[in-house]
$ cat model33.cif   # mmCIF, C-alpha atoms
data_query
#
loop_
_atom_site.label_atom_id
_atom_site.label_comp_id
_atom_site.auth_asym_id
_atom_site.auth_seq_id
_atom_site.Cartn_x
_atom_site.Cartn_y
_atom_site.Cartn_z
CA MET C 1 0.00 0.00 0.00
CA PRO C 2 1.55 3.32 -1.03
CA ARG C 3 2.12 5.96 1.63
CA PRO C 4 1.10 9.59 1.21
CA ALA C 5 3.91 11.93 0.25
CA GLY C 6 5.96 13.05 3.21
CA ALA C 7 4.67 10.30 5.52
CA THR C 8 7.32 8.18 7.16
CA PRO C 9 6.76 5.17 9.38
CA ALA C 10 7.19 5.60 13.13
CA SER C 11 10.20 3.27 13.14
CA ALA C 12 12.00 5.51 10.63
CA ARG C 13 11.24 8.60 12.70
CA ALA C 14 12.53 6.87 15.81
CA ARG C 15 15.78 5.98 14.06
CA THR C 16 16.46 9.46 12.79
CA GLY C 17 15.26 11.55 15.71
CA GLY C 18 15.39 11.30 19.44
CA PRO C 19 18.24 10.51 21.79
CA ARG C 20 20.93 8.07 20.77
CA ARG C 21 20.96 4.72 22.56
CA ALA C 22 24.15 3.04 23.68
CA PRO C 23 25.30 0.20 21.43
CA VAL C 24 25.00 -2.22 24.35
CA LEU C 25 21.33 -1.33 24.80
CA VAL C 26 20.71 -1.70 21.08
CA ALA C 27 22.32 -5.17 21.15
CA LEU C 28 20.28 -6.16 24.22
CA GLY C 29 17.14 -5.00 22.44
CA ARG C 30 17.81 -7.51 19.67
CA LEU C 31 17.93 -10.50 22.02
CA PRO C 32 14.90 -12.76 22.01
CA ARG C 33 12.23 -12.04 24.58
CA PRO C 34 11.96 -14.34 27.62
CA ARG C 35 9.70 -17.17 26.54
CA LEU C 36 11.07 -20.38 28.04
CA THR C 37 8.86 -22.33 30.38
CA GLY C 38 10.32 -23.66 33.59
CA LEU C 39 10.86 -27.04 31.96
CA GLY C 40 12.37 -25.44 28.88
CA CYS C 41 14.73 -23.45 31.09
CA GLY C 42 15.90 -26.67 32.74
CA VAL C 43 16.29 -28.46 29.42
CA LEU C 44 18.27 -25.56 27.94
CA ALA C 45 20.63 -25.34 30.90
CA THR C 46 21.06 -29.11 31.22
CA SER C 47 21.69 -29.72 27.54
CA ALA C 48 24.12 -26.80 27.40
CA MET C 49 26.05 -28.15 30.38
CA VAL C 50 26.19 -31.71 29.04
CA VAL C 51 27.60 -30.41 25.76
CA ALA C 52 30.00 -28.15 27.69
CA ALA C 53 31.17 -31.09 29.82
CA TRP C 54 31.86 -33.22 26.76
CA PHE C 55 33.66 -30.33 25.08
CA CYS C 56 35.78 -29.67 28.17
CA GLU C 57 36.55 -33.39 28.44
CA LEU C 58 37.98 -33.25 24.92
CA LEU C 59 40.28 -30.46 26.09
CA GLY C 60 41.59 -32.51 28.99
CA GLY C 61 39.19 -31.44 31.73
CA ALA C 62 39.36 -27.62 31.53
CA PRO C 63 37.53 -26.83 34.80
CA THR C 64 37.78 -23.08 34.28
CA LEU C 65 36.17 -23.31 30.84
CA TYR C 66 33.40 -25.48 32.29
CA GLY C 67 32.80 -22.88 34.99
CA VAL C 68 32.66 -20.01 32.51
CA LEU C 69 30.26 -21.94 30.29
CA PHE C 70 28.12 -22.67 33.36
CA VAL C 71 27.90 -18.99 34.19
CA LEU C 72 26.81 -18.25 30.61
CA ALA C 73 24.20 -21.04 30.72
CA SER C 74 22.91 -19.68 34.05
CA VAL C 75 22.58 -16.19 32.60
CA ALA C 76 20.72 -17.53 29.56
CA ALA C 77 18.37 -19.65 31.67
CA ALA C 78 17.57 -16.80 34.07
CA GLY C 79 17.23 -14.26 31.28
CA TRP C 80 14.98 -16.21 28.94
CA VAL C 81 12.57 -17.87 31.37
CA ARG C 82 8.99 -16.62 31.31
CA PRO C 83 8.12 -14.00 33.93
CA ALA C 84 5.52 -16.30 35.47
CA GLU C 85 8.16 -18.98 36.16
CA LEU C 86 11.15 -16.89 37.22
CA ILE C 87 12.10 -19.14 40.12
CA CYS C 88 13.05 -21.93 37.70
CA GLY C 89 16.19 -20.09 36.52
CA PRO C 90 18.21 -20.33 39.74
CA ILE C 91 16.84 -23.81 40.47
CA ALA C 92 17.72 -25.27 37.07
CA ALA C 93 21.28 -23.91 37.07
CA PRO C 94 22.86 -26.08 39.81
CA ILE C 95 20.97 -29.15 38.62
CA ALA C 96 22.37 -28.61 35.13
CA PHE C 97 25.87 -28.18 36.57
CA ALA C 98 25.66 -31.53 38.35
CA VAL C 99 24.13 -33.36 35.37
CA GLY C 100 26.89 -32.06 33.09
CA LEU C 101 29.53 -33.39 35.48
CA LEU C 102 27.67 -36.68 35.83
CA ALA C 103 27.68 -37.11 32.05
CA THR C 104 31.47 -37.22 31.93
CA SER C 105 32.71 -38.14 35.41
CA GLY C 106 30.49 -40.89 36.74
CA PRO C 107 28.64 -40.90 40.08
CA MET C 108 31.59 -41.09 42.49
CA ASN C 109 33.77 -38.57 40.69
CA THR C 110 30.82 -36.19 40.35
CA VAL C 111 30.76 -35.68 44.12
CA THR C 112 34.46 -34.85 44.10
CA GLU C 113 34.11 -32.56 41.10
CA LEU C 114 31.18 -30.75 42.72
CA ALA C 115 33.32 -30.09 45.77
CA LEU C 116 36.27 -28.87 43.71
CA ARG C 117 34.19 -26.66 41.43
CA ALA C 118 31.90 -25.24 44.13
CA PRO C 119 33.01 -21.62 43.59
CA TRP C 120 31.82 -21.74 39.97
CA LEU C 121 28.57 -23.34 41.11
CA PHE C 122 27.97 -20.58 43.65
CA VAL C 123 28.87 -17.79 41.22
CA GLY C 124 26.61 -19.08 38.43
CA THR C 125 23.70 -19.72 40.76
CA GLY C 126 24.15 -16.33 42.43
CA ILE C 127 24.17 -14.52 39.11
CA ALA C 128 21.03 -16.39 38.01
CA LEU C 129 19.35 -15.47 41.30
CA TRP C 130 20.39 -11.83 40.93
CA ILE C 131 19.00 -11.67 37.37
CA VAL C 132 15.72 -13.22 38.47
CA LEU C 133 15.38 -10.82 41.41
CA VAL C 134 16.02 -7.80 39.17
CA ARG C 135 13.51 -9.04 36.61
CA LYS C 136 10.89 -9.62 39.30
CA GLY C 137 11.54 -6.19 40.81
CA LEU C 138 11.14 -4.53 37.43
CA GLN C 139 7.96 -6.51 36.83
CA LEU C 140 6.50 -5.34 40.15
CA LEU C 141 7.57 -1.75 39.47
CA ARG C 142 5.93 -1.76 36.03
CA ARG C 143 2.75 -3.16 37.54
CA ARG C 144 2.69 -0.51 40.26
CA LEU C 145 3.32 2.30 37.77
CA SER C 146 0.57 1.09 35.46
CA ARG C 147 -1.92 1.02 38.36
CA GLY C 148 -0.98 4.57 39.30
CA ARG C 149 -2.01 5.98 35.92
#

$ encode --input "model33.cif" --output "structure tokens"
Amino acid sequence: MPRPAGATPASARARTGGPRRAPVLVALGRLPRPRLTGLGCGVLATSAMVVAAWFCELLGGAPTLYGVLFVLASVAAAGWVRPAELICGPIAAPIAFAVGLLATSGPMNTVTELALRAPWLFVGTGIALWIVLVRKGLQLLRRRLSRGR
């Protein structure tokens, strides 16, 4: 459908006028919206950690790489879970960590590996919990502001 002369879509006006947004905010705006269910969050984190464990096993163990990949999986799980099921992010993260270790170490070695890699487990779970708390706080703030109007 042709537009009248001089008419520009709102998206074009927003791009040309108005304040500039930081490149980080623009990149964050392109990320997919949180749509994972609680089960999907657990499946995402667990499958990512099993693949990470196998990859790290190929590199000779690489506990630091496994920890970094766990933190990234925790951030993804906490960031993409649906707002109604936010609690699943921090719960799925440590379970996924243990399942990934179990996939490559076996039951007895998993207990030892969990003890040795506990700092990574705490950091990843803490970051997931922090993300979920911030998202919930923003959700409550938006709700309160919309009621005030």

$ atom_distance --input "model33.cif" --atom1 "atom CA of Met49 of chain C" --atom2 "atom CA of Thr64 of chain C"
13.4 Å

$ resolve_selection --input "model33.cif" --expression "the PyMOL selection byres ((chain C and resi 132-142) around 8)" --output "VMD selection string"
chain C and resid 78 to 79 83 86 to 87 89 to 90 128 to 131 143 to 146

$ write_last_selection --input "model33.cif" --atoms "C-alpha atoms" --output "mmCIF file, in the frame of the given file"
data_model
loop_
_atom_site.group_PDB
_atom_site.id
_atom_site.type_symbol
_atom_site.label_atom_id
_atom_site.label_comp_id
_atom_site.auth_asym_id
_atom_site.auth_seq_id
_atom_site.Cartn_x
_atom_site.Cartn_y
_atom_site.Cartn_z
ATOM 1 C CA ALA C 78 17.570 -16.800 34.070
ATOM 2 C CA GLY C 79 17.230 -14.260 31.280
ATOM 3 C CA PRO C 83 8.120 -14.000 33.930
ATOM 4 C CA LEU C 86 11.150 -16.890 37.220
ATOM 5 C CA ILE C 87 12.100 -19.140 40.120
ATOM 6 C CA GLY C 89 16.190 -20.090 36.520
ATOM 7 C CA PRO C 90 18.210 -20.330 39.740
ATOM 8 C CA ALA C 128 21.030 -16.390 38.010
ATOM 9 C CA LEU C 129 19.350 -15.470 41.300
ATOM 10 C CA TRP C 130 20.390 -11.830 40.930
ATOM 11 C CA ILE C 131 19.000 -11.670 37.370
ATOM 12 C CA ARG C 143 2.750 -3.160 37.540
ATOM 13 C CA ARG C 144 2.690 -0.510 40.260
ATOM 14 C CA LEU C 145 3.320 2.300 37.770
ATOM 15 C CA SER C 146 0.570 1.090 35.460
#

$ closest_residue --input "model33.cif" --among "C:Ala93, C:Cys56, C:Val43, C:Ala118" --to "Ser105 of chain C" --atoms "all atoms listed in the file"
C:Cys56

$ resolve_selection --input "model33.cif" --expression "the PyMOL selection byres ((chain C and resi 117) around 12)" --output "PDB file with C-alpha atoms, in the coordinates of the input"
ATOM      1  CA  GLY C  61      39.190 -31.440  31.730  1.00  0.00           C
ATOM      2  CA  ALA C  62      39.360 -27.620  31.530  1.00  0.00           C
ATOM      3  CA  PRO C  63      37.530 -26.830  34.800  1.00  0.00           C
ATOM      4  CA  THR C  64      37.780 -23.080  34.280  1.00  0.00           C
ATOM      5  CA  LEU C  65      36.170 -23.310  30.840  1.00  0.00           C
ATOM      6  CA  TYR C  66      33.400 -25.480  32.290  1.00  0.00           C
ATOM      7  CA  GLY C  67      32.800 -22.880  34.990  1.00  0.00           C
ATOM      8  CA  VAL C  68      32.660 -20.010  32.510  1.00  0.00           C
ATOM      9  CA  PHE C  70      28.120 -22.670  33.360  1.00  0.00           C
ATOM     10  CA  PRO C  94      22.860 -26.080  39.810  1.00  0.00           C
ATOM     11  CA  PHE C  97      25.870 -28.180  36.570  1.00  0.00           C
ATOM     12  CA  ALA C  98      25.660 -31.530  38.350  1.00  0.00           C
ATOM     13  CA  LEU C 101      29.530 -33.390  35.480  1.00  0.00           C
ATOM     14  CA  ASN C 109      33.770 -38.570  40.690  1.00  0.00           C
ATOM     15  CA  THR C 110      30.820 -36.190  40.350  1.00  0.00           C
ATOM     16  CA  VAL C 111      30.760 -35.680  44.120  1.00  0.00           C
ATOM     17  CA  THR C 112      34.460 -34.850  44.100  1.00  0.00           C
ATOM     18  CA  GLU C 113      34.110 -32.560  41.100  1.00  0.00           C
ATOM     19  CA  LEU C 114      31.180 -30.750  42.720  1.00  0.00           C
ATOM     20  CA  ALA C 115      33.320 -30.090  45.770  1.00  0.00           C
ATOM     21  CA  LEU C 116      36.270 -28.870  43.710  1.00  0.00           C
ATOM     22  CA  ALA C 118      31.900 -25.240  44.130  1.00  0.00           C
ATOM     23  CA  PRO C 119      33.010 -21.620  43.590  1.00  0.00           C
ATOM     24  CA  TRP C 120      31.820 -21.740  39.970  1.00  0.00           C
ATOM     25  CA  LEU C 121      28.570 -23.340  41.110  1.00  0.00           C
ATOM     26  CA  PHE C 122      27.970 -20.580  43.650  1.00  0.00           C
ATOM     27  CA  VAL C 123      28.870 -17.790  41.220  1.00  0.00           C
ATOM     28  CA  GLY C 124      26.610 -19.080  38.430  1.00  0.00           C
TER      29      GLY C 124
END

$ atom_distance --input "model33.cif" --atom1 "atom CA of Leu28 of chain C" --atom2 "atom CA of Arg82 of chain C"
16.9 Å

$ atom_distance --input "model33.cif" --atom1 "atom CA of Thr104 of chain C" --atom2 "atom CA of Leu44 of chain C"
18.1 Å

$ residues_around --input "model33.cif" --residues "Val51 of chain C" --least-positions-apart "5" --cutoff "10 Å" --atoms "all atoms listed in the file" --output "list of chain:residue names"
C:Thr46, C:Cys56, C:Glu57, C:Leu69, C:Gly100, C:Ala103, C:Thr104

$ residues_around --input "model33.cif" --residues "Cys41 of chain C" --least-positions-apart "2" --cutoff "8 Å" --atoms "all atoms listed in the file" --output "number ranges by chain"
C: 36-39, 43-45, 77-78, 80-81, 88-89, 92

$ write_last_selection --input "model33.cif" --atoms "C-alpha atoms" --output "short mmCIF file (atom, residue, chain, number, x, y, z; two decimals), in the frame of the given file"
data_model
loop_
_atom_site.label_atom_id
_atom_site.label_comp_id
_atom_site.auth_asym_id
_atom_site.auth_seq_id
_atom_site.Cartn_x
_atom_site.Cartn_y
_atom_site.Cartn_z
CA LEU C 36 11.07 -20.38 28.04
CA THR C 37 8.86 -22.33 30.38
CA GLY C 38 10.32 -23.66 33.59
CA LEU C 39 10.86 -27.04 31.96
CA VAL C 43 16.29 -28.46 29.42
CA LEU C 44 18.27 -25.56 27.94
CA ALA C 45 20.63 -25.34 30.90
CA ALA C 77 18.37 -19.65 31.67
CA ALA C 78 17.57 -16.80 34.07
CA TRP C 80 14.98 -16.21 28.94
CA VAL C 81 12.57 -17.87 31.37
CA CYS C 88 13.05 -21.93 37.70
CA GLY C 89 16.19 -20.09 36.52
CA ALA C 92 17.72 -25.27 37.07
#

$ closest_residue --input "model33.cif" --among "C:Pro107, C:Gly148, C:Gly126, C:Pro23" --to "Val75 of chain C" --atoms "only C-alpha atoms"
C:Gly126

$ axis_aligned_box --input "model33.cif" --around "segment 23-42 of chain C" --padding-each-side "5 Å" --output "lines of an AutoDock Vina configuration file"
center_x = 17.1
center_y = -13.4
center_z = 26.6
size_x = 26.4
size_y = 37.2
size_z = 23.9
